[in-house]
Structures are given as structure tokens and as C-alpha cells.
file model05.csv (CSV, C-alpha atoms and all ligand atoms)
chain,number,residue,atom,x,y,z
A,751,MET,CA,157.1,102.6,125.2
A,752,ALA,CA,153.7,102.6,123.6
A,753,TYR,CA,150.7,102.4,125.9
A,754,THR,CA,149.0,99.0,126.2
A,755,VAL,CA,145.7,98.3,128.0
A,756,PRO,CA,146.6,96.7,131.4
A,757,LYS,CA,144.4,93.8,132.6
A,758,LEU,CA,142.2,94.9,135.5
A,759,THR,CA,142.8,92.9,138.7
A,760,GLN,CA,141.2,95.2,141.2
A,761,PHE,CA,137.8,96.6,140.8
A,762,ASP,CA,137.4,99.3,143.5
A,763,MET,CA,136.6,102.8,142.4
A,764,ASP,CA,140.3,104.0,142.8
A,765,SER,CA,141.8,101.3,140.7
A,766,VAL,CA,139.3,101.6,137.9
A,767,GLN,CA,139.7,105.4,137.8
A,768,GLU,CA,143.4,105.0,137.8
A,769,ALA,CA,143.3,102.7,134.8
A,770,LEU,CA,141.0,105.1,133.0
A,771,ARG,CA,143.3,108.0,133.8
A,772,ALA,CA,146.3,106.2,132.3
A,773,LEU,CA,144.3,105.4,129.2
A,774,HIS,CA,143.2,109.0,128.8
A,775,GLU,CA,146.8,110.3,129.3
A,776,ALA,CA,148.1,108.0,126.6
A,777,LEU,CA,145.2,108.8,124.3
A,778,GLU,CA,145.7,112.6,124.5
A,779,ALA,CA,149.5,112.3,124.0
A,780,GLU,CA,149.1,110.2,120.9
A,781,SER,CA,146.3,112.4,119.6
A,782,ALA,CA,148.5,115.5,120.0
A,783,ALA,CA,151.4,113.8,118.2
A,784,VAL,CA,149.4,113.4,115.0
A,785,THR,CA,150.8,115.6,112.2
A,786,ASN,CA,149.5,114.2,108.9
A,787,GLU,CA,146.8,112.0,107.4
A,788,THR,CA,148.9,108.8,107.5
A,789,GLU,CA,149.6,109.3,111.2
A,790,TRP,CA,146.0,110.1,111.8
A,791,LYS,CA,144.9,106.8,110.2
A,792,ALA,CA,147.4,104.8,112.2
A,793,PHE,CA,146.2,106.6,115.4
A,794,ARG,CA,142.6,105.8,114.5
A,795,ASP,CA,143.3,102.2,113.7
A,796,ARG,CA,145.4,101.6,116.8
A,797,TRP,CA,142.5,102.7,119.0
A,798,MET,CA,139.5,101.6,117.1
A,799,ALA,CA,140.5,98.4,115.1
A,800,ARG,CA,138.0,95.7,115.6
A,801,LYS,CA,140.4,92.9,116.3
A,802,SER,CA,143.2,94.3,118.5
A,803,GLY,CA,142.5,98.0,118.9
A,804,MET,CA,142.8,99.5,122.3
A,805,LEU,CA,139.0,99.7,122.7
A,806,SER,CA,138.6,96.0,122.0
A,807,GLN,CA,141.4,95.4,124.5
A,808,VAL,CA,139.3,97.3,127.0
A,809,ASN,CA,136.5,94.9,126.4
A,810,GLU,CA,138.8,91.9,126.8
A,811,LEU,CA,140.9,93.0,129.7
A,812,TRP,CA,138.5,95.1,131.7
A,813,LEU,CA,134.9,94.2,131.0
A,814,ARG,CA,135.3,90.5,130.4
A,815,VAL,CA,137.3,89.8,133.6
A,816,THR,CA,135.1,91.9,135.9
A,817,PRO,CA,133.0,90.0,138.5
A,818,LYS,CA,129.3,90.6,138.2
A,819,GLU,CA,129.0,93.0,141.2
A,820,PHE,CA,131.5,95.5,139.7
A,821,LYS,CA,130.2,95.3,136.1
A,822,TRP,CA,128.3,98.6,136.3
A,823,ARG,CA,131.5,100.5,137.5
A,824,VAL,CA,133.8,99.0,134.8
A,825,GLY,CA,131.0,99.3,132.2
A,826,ASP,CA,130.8,103.1,132.9
A,827,ALA,CA,134.6,103.4,132.6
A,828,ALA,CA,134.6,101.5,129.3
A,829,ASN,CA,131.9,103.7,127.9
A,830,GLU,CA,133.8,106.8,128.9
A,831,ALA,CA,136.9,105.4,127.3
A,832,LYS,CA,135.0,104.8,124.1
A,833,ALA,CA,133.6,108.3,124.0
A,834,SER,CA,137.0,109.8,124.7
A,835,VAL,CA,138.6,107.8,121.9
A,836,GLN,CA,135.9,108.9,119.4
A,837,ARG,CA,136.3,112.5,120.5
A,838,GLU,CA,140.1,112.5,120.3
A,839,ILE,CA,140.1,110.9,116.8
A,840,GLN,CA,137.7,113.5,115.6
A,841,ALA,CA,139.6,116.3,117.3
A,842,ALA,CA,142.9,115.2,115.8
A,843,LEU,CA,141.3,115.2,112.3
A,844,GLU,CA,139.9,118.7,112.8
A,845,ARG,CA,143.3,120.0,114.0
A,846,LEU,CA,144.9,118.6,110.8
A,847,GLN,CA,142.2,120.3,108.6
A,848,ASP,CA,142.6,123.6,110.5
A,849,ALA,CA,146.4,123.4,110.1
A,850,SER,CA,146.1,122.8,106.3
A,851,LEU,CA,143.7,125.8,106.0
A,852,LYS,CA,145.8,128.3,108.0
A,853,PRO,CA,148.9,129.5,106.1
A,854,GLY,CA,151.7,130.0,108.6
A,855,ALA,CA,150.3,127.6,111.1
A,856,SER,CA,153.2,125.4,110.1
A,857,ASP,CA,156.4,126.5,108.5
A,858,VAL,CA,155.7,125.1,105.1
A,859,VAL,CA,152.3,124.6,103.6
A,860,ASP,CA,152.3,122.4,100.5
A,861,ILE,CA,149.2,123.6,98.8
A,862,THR,CA,149.6,120.9,96.1
A,863,LEU,CA,148.8,118.2,98.6
A,864,PRO,CA,145.3,116.7,98.2
A,865,GLY,CA,142.9,117.7,101.0
A,866,ILE,CA,141.2,115.4,103.4
A,867,ARG,CA,138.2,114.0,101.6
A,868,ARG,CA,135.0,113.8,103.5
A,869,PRO,CA,133.0,111.1,101.8
A,870,ILE,CA,129.4,112.0,100.8
A,871,GLY,CA,126.7,109.8,102.3
A,872,ALA,CA,124.2,108.0,100.2
A,873,GLU,CA,120.6,106.8,100.6
A,874,HIS,CA,120.4,103.4,102.4
A,875,PRO,CA,119.1,100.8,99.9
A,876,VAL,CA,116.0,100.2,102.0
A,877,ILE,CA,115.1,103.9,102.3
A,878,ARG,CA,115.9,104.3,98.5
A,879,THR,CA,113.4,101.5,97.7
A,880,MET,CA,110.9,103.1,100.1
A,881,HIS,CA,111.2,106.4,98.3
A,882,GLU,CA,110.8,104.7,94.9
A,883,ILE,CA,107.6,102.9,95.9
A,884,VAL,CA,106.1,106.0,97.6
A,885,GLY,CA,107.1,108.1,94.5
A,886,VAL,CA,105.0,105.8,92.2
A,887,PHE,CA,101.9,106.4,94.3
A,888,GLN,CA,102.5,110.1,94.7
A,889,LYS,CA,102.4,110.4,90.9
A,890,LEU,CA,98.9,108.8,91.1
A,891,GLY,CA,97.8,111.5,93.5
A,892,TYR,CA,98.3,109.6,96.8
A,893,SER,CA,99.5,111.5,99.8
A,894,VAL,CA,101.8,110.2,102.5
A,895,ALA,CA,100.5,109.5,106.0
A,896,GLU,CA,102.5,108.5,109.1
A,897,GLY,CA,101.7,107.3,112.6
A,898,PRO,CA,103.3,106.2,115.9
A,899,VAL,CA,105.5,103.2,116.2
A,900,VAL,CA,104.3,102.5,119.7
A,901,GLU,CA,100.7,101.7,119.3
A,902,THR,CA,97.7,100.6,121.3
A,903,ASP,CA,96.2,97.2,121.0
A,904,TYR,CA,93.0,99.0,119.7
A,905,TYR,CA,94.6,100.5,116.6
A,906,ASN,CA,97.0,97.6,115.9
A,907,PHE,CA,94.4,94.8,116.3
A,908,GLU,CA,90.9,95.6,117.4
A,909,ALA,CA,90.0,98.3,114.9
A,910,LEU,CA,91.5,96.1,112.1
A,911,ASN,CA,89.1,93.3,112.8
A,912,PHE,CA,91.6,91.0,114.5
A,913,PRO,CA,89.5,88.7,116.8
A,914,PRO,CA,90.6,88.6,120.5
A,915,ASP,CA,92.1,85.1,120.1
A,916,HIS,CA,93.9,85.8,116.9
A,917,PRO,CA,97.5,84.3,117.0
A,918,ALA,CA,99.0,87.6,116.0
A,919,ARG,CA,98.0,89.0,119.4
A,920,ASP,CA,100.2,86.5,121.2
A,921,THR,CA,103.5,87.6,122.6
A,922,GLN,CA,105.1,85.1,120.3
A,923,ASP,CA,104.6,87.4,117.4
A,924,THR,CA,104.2,90.8,119.0
A,925,LEU,CA,106.5,92.9,121.2
A,926,PHE,CA,104.3,94.3,124.0
A,927,ILE,CA,105.4,97.0,126.4
A,928,ALA,CA,105.9,95.4,129.9
A,929,GLY,CA,103.9,96.1,133.0
A,930,GLN,CA,100.5,97.0,131.6
A,931,GLN,CA,98.4,94.2,133.1
A,932,ALA,CA,96.3,96.8,135.0
A,933,LYS,CA,95.1,98.4,131.8
A,934,PRO,CA,92.1,97.2,129.7
A,935,GLN,CA,93.4,95.2,126.7
A,936,ARG,CA,92.5,97.8,124.1
A,937,GLU,CA,94.7,100.5,125.8
A,938,ARG,CA,97.8,98.3,126.2
A,939,LEU,CA,100.9,99.5,124.3
A,940,LEU,CA,102.9,97.5,121.8
A,941,LEU,CA,105.4,98.0,119.0
A,942,ARG,CA,103.2,98.1,115.9
A,943,THR,CA,103.4,94.9,114.0
A,944,HIS,CA,102.3,96.6,110.7
A,945,THR,CA,101.6,100.1,109.3
A,946,SER,CA,97.9,99.3,109.1
A,947,PRO,CA,96.9,101.2,112.3
A,948,VAL,CA,97.6,104.4,110.4
A,949,GLN,CA,94.7,103.5,108.1
A,950,ILE,CA,92.3,103.9,111.0
A,951,ARG,CA,94.1,106.9,112.4
A,952,THR,CA,93.8,108.6,109.0
A,953,MET,CA,90.2,107.7,108.5
A,954,GLU,CA,89.4,109.2,111.9
A,955,LYS,CA,90.9,112.5,110.9
A,956,MET,CA,90.0,112.7,107.2
A,957,GLN,CA,86.7,112.1,105.5
A,958,PRO,CA,86.4,110.2,102.3
A,959,PRO,CA,87.6,110.2,99.5
A,960,ILE,CA,91.1,109.4,100.5
A,961,ARG,CA,94.2,108.0,98.8
A,962,ILE,CA,97.2,107.5,101.1
A,963,VAL,CA,100.4,105.5,101.3
A,964,ILE,CA,102.0,104.9,104.7
A,965,PRO,CA,105.7,104.1,104.9
A,966,GLY,CA,107.2,103.1,108.3
A,967,THR,CA,109.1,100.8,110.6
A,968,VAL,CA,107.3,97.9,112.3
A,969,HIS,CA,108.5,95.3,114.8
A,970,ARG,CA,107.8,91.6,115.4
A,971,ASN,CA,109.2,89.1,117.8
A,972,ASP,CA,111.3,87.3,115.2
A,973,PRO,CA,115.0,86.4,115.8
A,974,PRO,CA,117.2,87.9,113.1
A,975,ASP,CA,118.3,85.7,110.3
A,976,ALA,CA,118.8,85.9,106.5
A,977,SER,CA,115.2,86.7,105.8
A,978,HIS,CA,113.9,87.9,109.2
A,979,SER,CA,114.5,90.9,111.5
A,980,PRO,CA,112.7,92.1,114.6
A,981,MET,CA,112.6,95.5,112.9
A,982,PHE,CA,111.6,96.0,109.3
A,983,HIS,CA,109.8,98.3,106.9
A,984,GLN,CA,106.4,98.3,105.4
A,985,ILE,CA,104.4,100.4,103.0
A,986,GLU,CA,100.7,100.4,103.2
A,987,GLY,CA,98.2,101.9,100.9
A,988,LEU,CA,94.5,102.8,101.2
A,989,ALA,CA,92.0,104.2,98.7
A,990,VAL,CA,88.4,104.9,99.8
A,991,ASP,CA,85.7,106.5,97.8
A,992,THR,CA,82.3,105.7,96.4
A,993,ASN,CA,82.2,102.9,93.9
A,994,ILE,CA,85.8,101.6,94.3
A,995,THR,CA,85.9,98.1,92.9
A,996,PHE,CA,88.4,95.2,92.8
A,997,GLY,CA,89.0,96.4,89.2
A,998,ASP,CA,90.5,99.6,90.6
A,999,LEU,CA,92.7,97.7,92.9
A,1000,LYS,CA,94.0,95.5,90.1
A,1001,GLY,CA,94.6,98.4,87.7
A,1002,THR,CA,96.4,100.5,90.4
A,1003,LEU,CA,98.7,97.7,91.5
A,1004,ASP,CA,99.4,96.5,88.0
A,1005,HIS,CA,100.5,100.0,87.2
A,1006,PHE,CA,102.6,100.1,90.4
A,1007,VAL,CA,104.6,96.9,89.7
A,1008,LYS,CA,105.3,97.9,86.1
A,1009,ALA,CA,106.6,101.3,87.3
A,1010,LEU,CA,108.8,99.6,89.9
A,1011,PHE,CA,110.1,96.5,88.1
A,1012,GLY,CA,109.6,97.4,84.4
A,1013,ALA,CA,106.8,97.3,81.8
A,1014,ASN,CA,107.4,93.7,80.9
A,1015,VAL,CA,106.4,92.0,84.2
A,1016,LYS,CA,103.1,90.3,84.3
A,1017,THR,CA,100.8,90.3,87.4
A,1018,HIS,CA,98.8,87.5,88.9
A,1019,PHE,CA,96.4,87.6,91.9
A,1020,ARG,CA,95.9,84.6,94.2
A,1021,PRO,CA,93.2,84.4,96.9
A,1022,SER,CA,94.4,85.0,100.4
A,1023,PHE,CA,93.2,86.0,103.9
A,1024,PHE,CA,93.7,89.1,106.0
A,1025,PRO,CA,91.4,90.1,108.9
A,1026,PHE,CA,90.9,93.6,107.6
A,1027,THR,CA,90.2,92.9,103.9
A,1028,GLU,CA,87.5,90.8,102.2
A,1029,PRO,CA,88.1,89.5,99.6
A,1030,SER,CA,91.9,89.4,100.0
A,1031,ALA,CA,94.6,88.5,97.6
A,1032,GLU,CA,98.4,88.1,97.2
A,1033,LEU,CA,99.9,89.8,94.2
A,1034,TYR,CA,102.6,88.0,92.2
A,1035,VAL,CA,104.7,89.3,89.4
A,1036,THR,CA,106.8,87.4,86.9
A,1037,CYS,CA,110.3,87.0,88.3
A,1038,PHE,CA,112.2,90.1,87.1
A,1039,ILE,CA,115.5,88.3,87.6
A,1040,CYS,CA,114.9,85.3,85.4
A,1041,GLY,CA,112.1,86.8,83.3
A,1042,GLY,CA,109.7,84.1,84.5
A,1043,SER,CA,111.6,81.1,83.2
A,1044,GLY,CA,112.7,79.9,86.6
A,1045,LYS,CA,116.3,79.5,85.4
A,1046,ARG,CA,119.4,81.6,85.1
A,1047,GLY,CA,121.3,80.1,82.2
A,1048,THR,CA,121.5,76.5,83.3
A,1049,ASP,CA,121.2,77.3,87.1
A,1050,PRO,CA,118.0,77.4,89.0
A,1051,CYS,CA,116.7,80.9,89.8
A,1052,ARG,CA,116.8,81.1,93.6
A,1053,PRO,CA,114.8,84.4,94.3
A,1054,CYS,CA,111.6,82.9,92.7
A,1055,LYS,CA,112.4,79.3,93.9
A,1056,GLN,CA,112.3,78.3,90.2
A,1057,THR,CA,108.6,79.1,89.9
A,1058,GLY,CA,109.0,82.1,87.7
A,1059,TRP,CA,106.8,84.1,90.1
A,1060,ILE,CA,107.6,86.4,93.0
A,1061,GLU,CA,105.1,87.5,95.7
A,1062,VAL,CA,105.1,91.3,96.0
A,1063,LEU,CA,102.3,92.3,98.4
A,1064,GLY,CA,99.1,91.5,100.1
A,1065,CYS,CA,95.9,93.4,99.2
A,1066,GLY,CA,92.1,93.3,99.2
A,1067,MET,CA,88.9,95.3,99.5
A,1068,VAL,CA,88.5,97.0,102.9
A,1069,ASP,CA,86.4,94.8,105.1
A,1070,PRO,CA,83.1,96.6,106.0
A,1071,ASN,CA,83.7,95.7,109.6
A,1072,VAL,CA,86.7,98.0,109.5
A,1073,PHE,CA,84.6,100.9,108.2
A,1074,GLU,CA,82.2,100.3,111.2
A,1075,PHE,CA,84.9,101.7,113.5
A,1076,VAL,CA,85.0,105.0,111.7
A,1077,LYS,CA,81.4,105.1,110.4
A,1078,ASP,CA,80.7,108.4,112.2
A,1079,ASN,CA,83.4,110.2,110.1
A,1080,GLY,CA,81.7,109.5,106.8
A,1081,TYR,CA,82.7,105.9,106.2
A,1082,ASP,CA,79.3,104.3,106.1
A,1083,PRO,CA,80.0,100.8,104.7
A,1084,ARG,CA,76.8,101.0,102.6
A,1085,LYS,CA,78.0,104.2,100.9
A,1086,VAL,CA,81.8,103.9,100.5
A,1087,SER,CA,84.2,101.1,99.5
A,1088,GLY,CA,87.9,100.9,99.2
A,1089,PHE,CA,91.0,98.8,98.8
A,1090,ALA,CA,94.1,98.4,100.8
A,1091,PHE,CA,97.5,96.9,100.2
A,1092,GLY,CA,100.7,96.3,102.2
A,1093,MET,CA,104.2,95.2,101.3
A,1094,GLY,CA,107.6,94.5,103.0
A,1095,VAL,CA,110.1,97.0,101.7
A,1096,ASP,CA,113.2,95.2,103.0
A,1097,ARG,CA,112.3,92.1,101.0
A,1098,LEU,CA,111.7,94.0,97.9
A,1099,ALA,CA,115.0,95.8,98.3
A,1100,LEU,CA,116.7,92.4,98.7
A,1101,LEU,CA,115.2,91.2,95.5
A,1102,LYS,CA,115.8,94.4,93.6
A,1103,TYR,CA,119.5,94.7,94.5
A,1104,GLY,CA,120.2,90.9,94.6
A,1105,VAL,CA,121.3,90.9,98.2
A,1106,ASP,CA,121.1,87.5,99.9
A,1107,ASP,CA,121.0,88.3,103.6
A,1108,LEU,CA,118.6,90.8,105.2
A,1109,GLN,CA,121.1,91.4,108.1
A,1110,TYR,CA,123.5,93.3,105.8
A,1111,PHE,CA,120.9,96.1,105.7
A,1112,PHE,CA,121.0,96.7,109.4
A,1113,GLN,CA,124.6,96.0,110.5
A,1114,GLY,CA,125.9,99.4,109.4
A,1115,ASP,CA,128.9,98.0,107.7
A,1116,VAL,CA,130.3,100.8,105.5
A,1117,ARG,CA,131.9,98.4,103.1
A,1118,PHE,CA,128.5,97.0,102.3
A,1119,LEU,CA,126.6,100.3,102.2
A,1120,GLN,CA,129.3,102.0,100.0
A,1121,GLN,CA,128.0,100.0,97.0
A,1122,TRP,CA,125.1,102.4,96.9
A,1123,ALA,CA,127.1,105.5,97.1
A,1201,ZN,ZN,113.3,83.8,88.9

call {"tool": "encode", "arguments": {"input": "model05.csv", "output": "C-alpha cells", "more": "lines below"}}
Ligand SMILES: [Zn+2]
result
Amino acid sequence: MAYTVPKLTQFDMDSVQEALRALHEALEAESAAVTNETEWKAFRDRWMARKSGMLSQVNELWLRVTPKEFKWRVGDAANEAKASVQREIQAALERLQDASLKPGASDVVDITLPGIRRPIGAEHPVIRTMHEIVGVFQKLGYSVAEGPVVETDYYNFEALNFPPDHPARDTQDTLFIAGQQAKPQRERLLLRTHTSPVQIRTMEKMQPPIRIVIPGTVHRNDPPDASHSPMFHQIEGLAVDTNITFGDLKGTLDHFVKALFGANVKTHFRPSFFPFTEPSAELYVTCFICGGSGKRGTDPCRPCKQTGWIEVLGCGMVDPNVFEFVKDNGYDPRKVSGFAFGMGVDRLALLKYGVDDLQYFFQGDVRFLQQWA
């Protein structure tokens, strides 16, 4: 009779180990019995299927019924079971492939049978969008800079001109590393909330002129929903030189959105506020989905909320106060000027590919991701 996962009723070490041993025994026997691809698939599904596979049974009949004080023990056993199942499924597949490669390993080798296909991976839509954006700026002569994801308060806030009582410094928005009360505020560690700290880090290392783009992951204390995620991606840009003006900023970003969304989009800047730029602006483009009409046929265009415009990024001229922090490395605010911009990559990927829920990007569901293969 085929093995089924028994419900745990005793949680002492011997009972748990015995249950795990029985599971291993069944697993190995079934793995050894696999002789072709169809059997292998059935084997894999029997153990891994999300609804009633053996591993989800382990969750139901072992973990869920375990009293709190034994959770660690049963949890360890469940992890071990999971690792063994993954290992055996892979091993069974490799045995099949070996057998099909070695003539004589079985009595008859049918060389006309199709081989086992290993699907080729594809770039994740967010990473693909990131590469496209970075590529546009690389062609303009920008280089790529990167920095740490775990940052200090100094680089994430202070050196970017965030005043001490700025709401972004609150734990409501920012994920701080615990247990650092003894440190001075500027040394406390957090998960960077934007890629902007890399601007300061780069200016500390390189003298002007500079042209950089900074792609990376950032974190905020936002519960996940259709348009929010505690982890997301940003691309930041910075150009510093003598005589950089707002006209340079507009020309550069106008070129960028046309390269990304097509030569027909129109751009539009609206005044905004960021602590590290002055003046600051938000850049809008005509909606590349409805062409700026706000309508798709007779339906309202949802991505632009029927306005015909989509916000793409925030930008502005680097605030002289920011240069003060790196003045000694050649950034005298009386001599140099610059512009900076930053955009959310995930949101642009949503718009570009017409995806309506940000969470799809991070759930790792192969059926969703295969669309980009
Ligand atoms: Zn639209």
C-alpha cells in the first residue's frame, strides 16, 4: 500500500524521528522505482503538489497539530523532510538522464524518444526593465554605481538633508536594525529606504565631474498589496559638473523617457519637494497606453486614471546643503552644480507590461514568469 503521512500524536524525539524515518524510507523506495519521465512527474507531484502532496500533509498533520513547546523539534523534522524530497526528486531525474545517455544501461535504448527538456530561464521583468533604463543612461556616458543595502542613518538621511524630525525617519516608514539604542543616531543601521545614499558615497570617492546611475533594492515598512511591497527597486541618477542647469536635467530626462517609452511621448514637469534637491519636480509623460486621451476605446484608461498623464520619476537640482557634506572632495557648492533623479522600477515594469498587481513580481510563480521567457 502506498505510503501516507501519519498524523503525529506524540512529540518526543523518538516518535518524531520514527515518523521521519518512515517518510524517508517511502521516499527512497518510490524514487528508486521511477523509470521514465511520466513516472517521474507523478512522483514529483505526489510529494510536492501544493494541495495534497506529501509535504503539505507534513505541514497539516505534523506541524499544525504540534503544541508550541515541541514546534522546534517537529519544525526541524519537517525541514529535513522537505530537503530530502527535493533531493530525491532531483536525483531521480538525474538517474533518468544518465540512463538515457548510457547505451546498454537498460536493455533497449530508444534513441528516437525526445530527451528531457531543461527549460532555459529568462530575465525577470523587473530586472529587464532595470537593464533597459540603465542602458539608456550608459549610452549617454553614465557609469553604474552600487552601494550597501544595510545603511547608516548618516548616509540614508542626514547627509541627504533630511532634518532630524522628518517623518521618513520614523519606524513607521523605515525598517531599522534592532538593538542599537546605545549608538549615536547617525551610526544606527537600517535597510536603506532609497538608493540615494550611493550619491553621497560616490561623491566621497570620486571628484567631479560625475555622471552615474544607481540601480538597487530598497526597503520600506509597507505591508504588501497590489501597489506596495516592503522590498522594491529604484534607479537613481546623478550628474555633477560646472554649469549644470535645469535645462540639462530637462533635456536628459526628456531623451530618457523617449528612449524608454517611444519618441511620441510628451513630457511635463510639475513642482515638487524632496529634501535633497532644490528646486524639485515630478516628471510626467503622456500615457503610453492610451496615447494621452485617458480612454481605451470607450473604457476609461486605468493606468493614468483617465488623466492622460503618468508620473515617471522625481528629480531636481542637487541642494547645495548636500554638497556641503562632500565639499572637501571638490564639491564646493559655489563652483559645481548638478541634478539628480530617482524612479521606482517595479512600478514602471507594471505599467510597461500591463501587470495589475505588484505581488506577482515577487511570488516566484513560474506560470506568471514564463510569459517573459
Ligand atoms: Zn492612459

call {"tool": "residues_around", "arguments": {"input": "model05.csv", "residues": "stretch 1096-1111 of chain A", "least_positions_apart": "5", "cutoff": "9 Å", "atoms": "all atoms listed in the file", "output": "list in words"}}
result
His874, Pro875, Val876, Ile877, Arg878, Thr879, Met880, Pro974, Asp975, Ala976, Ser977, His978, Ser979, Phe982, His983, Gln984, Phe1011, Phe1038, Ile1039, Pro1053, Val1062, Phe1118 and Leu1119 of chain A

call {"tool": "residues_around", "arguments": {"input": "model05.csv", "residues": "stretch 814-831 of chain A", "least_positions_apart": "3", "cutoff": "10 Å", "atoms": "only C-alpha atoms", "output": "MDAnalysis selection string"}}
result
chainID A and resid 757:763 766:767 769:771 773:774 777 804:811 834:837

call {"tool": "residues_near_ligand", "arguments": {"input": "model05.csv", "ligand": "ligand ZN 1201 (chain A)", "cutoff": "7 Å", "atoms": "all atoms listed in the file", "output": "count of residues only"}}
result
18

call {"tool": "closest_residue", "arguments": {"input": "model05.csv", "among": "A:Glu873, A:Glu901, A:Asp1004, A:Glu882", "to": "A:Leu939", "atoms": "all atoms listed in the file"}}
result
A:Glu901

call {"tool": "residues_around", "arguments": {"input": "model05.csv", "residues": "A:Gly865", "least_positions_apart": "5", "cutoff": "12 Å", "atoms": "all atoms listed in the file", "output": "PyMOL selection string"}}
result
chain A and resi 786-787+843+846-851+859-860

call {"tool": "atom_distance", "arguments": {"input": "model05.csv", "atom1": "atom CA of A:Gly1114", "atom2": "atom CA of A:Pro980"}}
result
16.0 Å

call {"tool": "closest_residue", "arguments": {"input": "model05.csv", "among": "A:Leu813, A:Val1095, A:Leu941, A:Ala782", "to": "A:Thr902", "atoms": "all atoms listed in the file"}}
result
A:Leu941

call {"tool": "atom_distance", "arguments": {"input": "model05.csv", "atom1": "atom CA of A:Arg1020", "atom2": "atom CA of A:Tyr1034"}}
result
7.8 Å

call {"tool": "atom_distance", "arguments": {"input": "model05.csv", "atom1": "atom CA of A:Val858", "atom2": "atom CA of A:Phe793"}}
result
23.2 Å

call {"tool": "residues_near_point", "arguments": {"input": "model05.csv", "point": "(103.0, 90.6, 94.4)", "cutoff": "12 Å", "atoms": "only C-alpha atoms", "output": "ChimeraX atom specification"}}
result
/A:1000,1003-1004,1006-1008,1010-1011,1015-1022,1031-1038,1054,1059-1065,1091-1094,1097-1098

call {"tool": "closest_residue", "arguments": {"input": "model05.csv", "among": "A:Tyr1081, A:Phe1089, A:Tyr905, A:Phe926", "to": "A:Gly1001", "atoms": "all atoms listed in the file"}}
result
A:Phe1089

call {"tool": "closest_residue", "arguments": {"input": "model05.csv", "among": "A:Pro1025, A:Pro1083, A:Gly1088, A:Gly891", "to": "A:Val963", "atoms": "only C-alpha atoms"}}
result
A:Gly891

call {"tool": "residues_around", "arguments": {"input": "model05.csv", "residues": "A:Pro947", "least_positions_apart": "2", "cutoff": "9 Å", "atoms": "all atoms listed in the file", "output": "list in words"}}
result
Gly897, Pro898, Glu901, Tyr904, Tyr905, Asn906, Phe907, Ala909, Leu910, Arg942, His944, Thr945, Gln949, Ile950, Arg951 and Thr952 of chain A

call {"tool": "residues_around", "arguments": {"input": "model05.csv", "residues": "A:Asp998", "least_positions_apart": "4", "cutoff": "12 Å", "atoms": "all atoms listed in the file", "output": "ChimeraX atom specification"}}
result
/A:988-994,1002-1005,1065-1067,1087-1090

call {"tool": "closest_residue", "arguments": {"input": "model05.csv", "among": "A:Gln930, A:Thr785, A:Gln957, A:Gln840", "to": "A:Lys1077", "atoms": "only C-alpha atoms"}}
result
A:Gln957
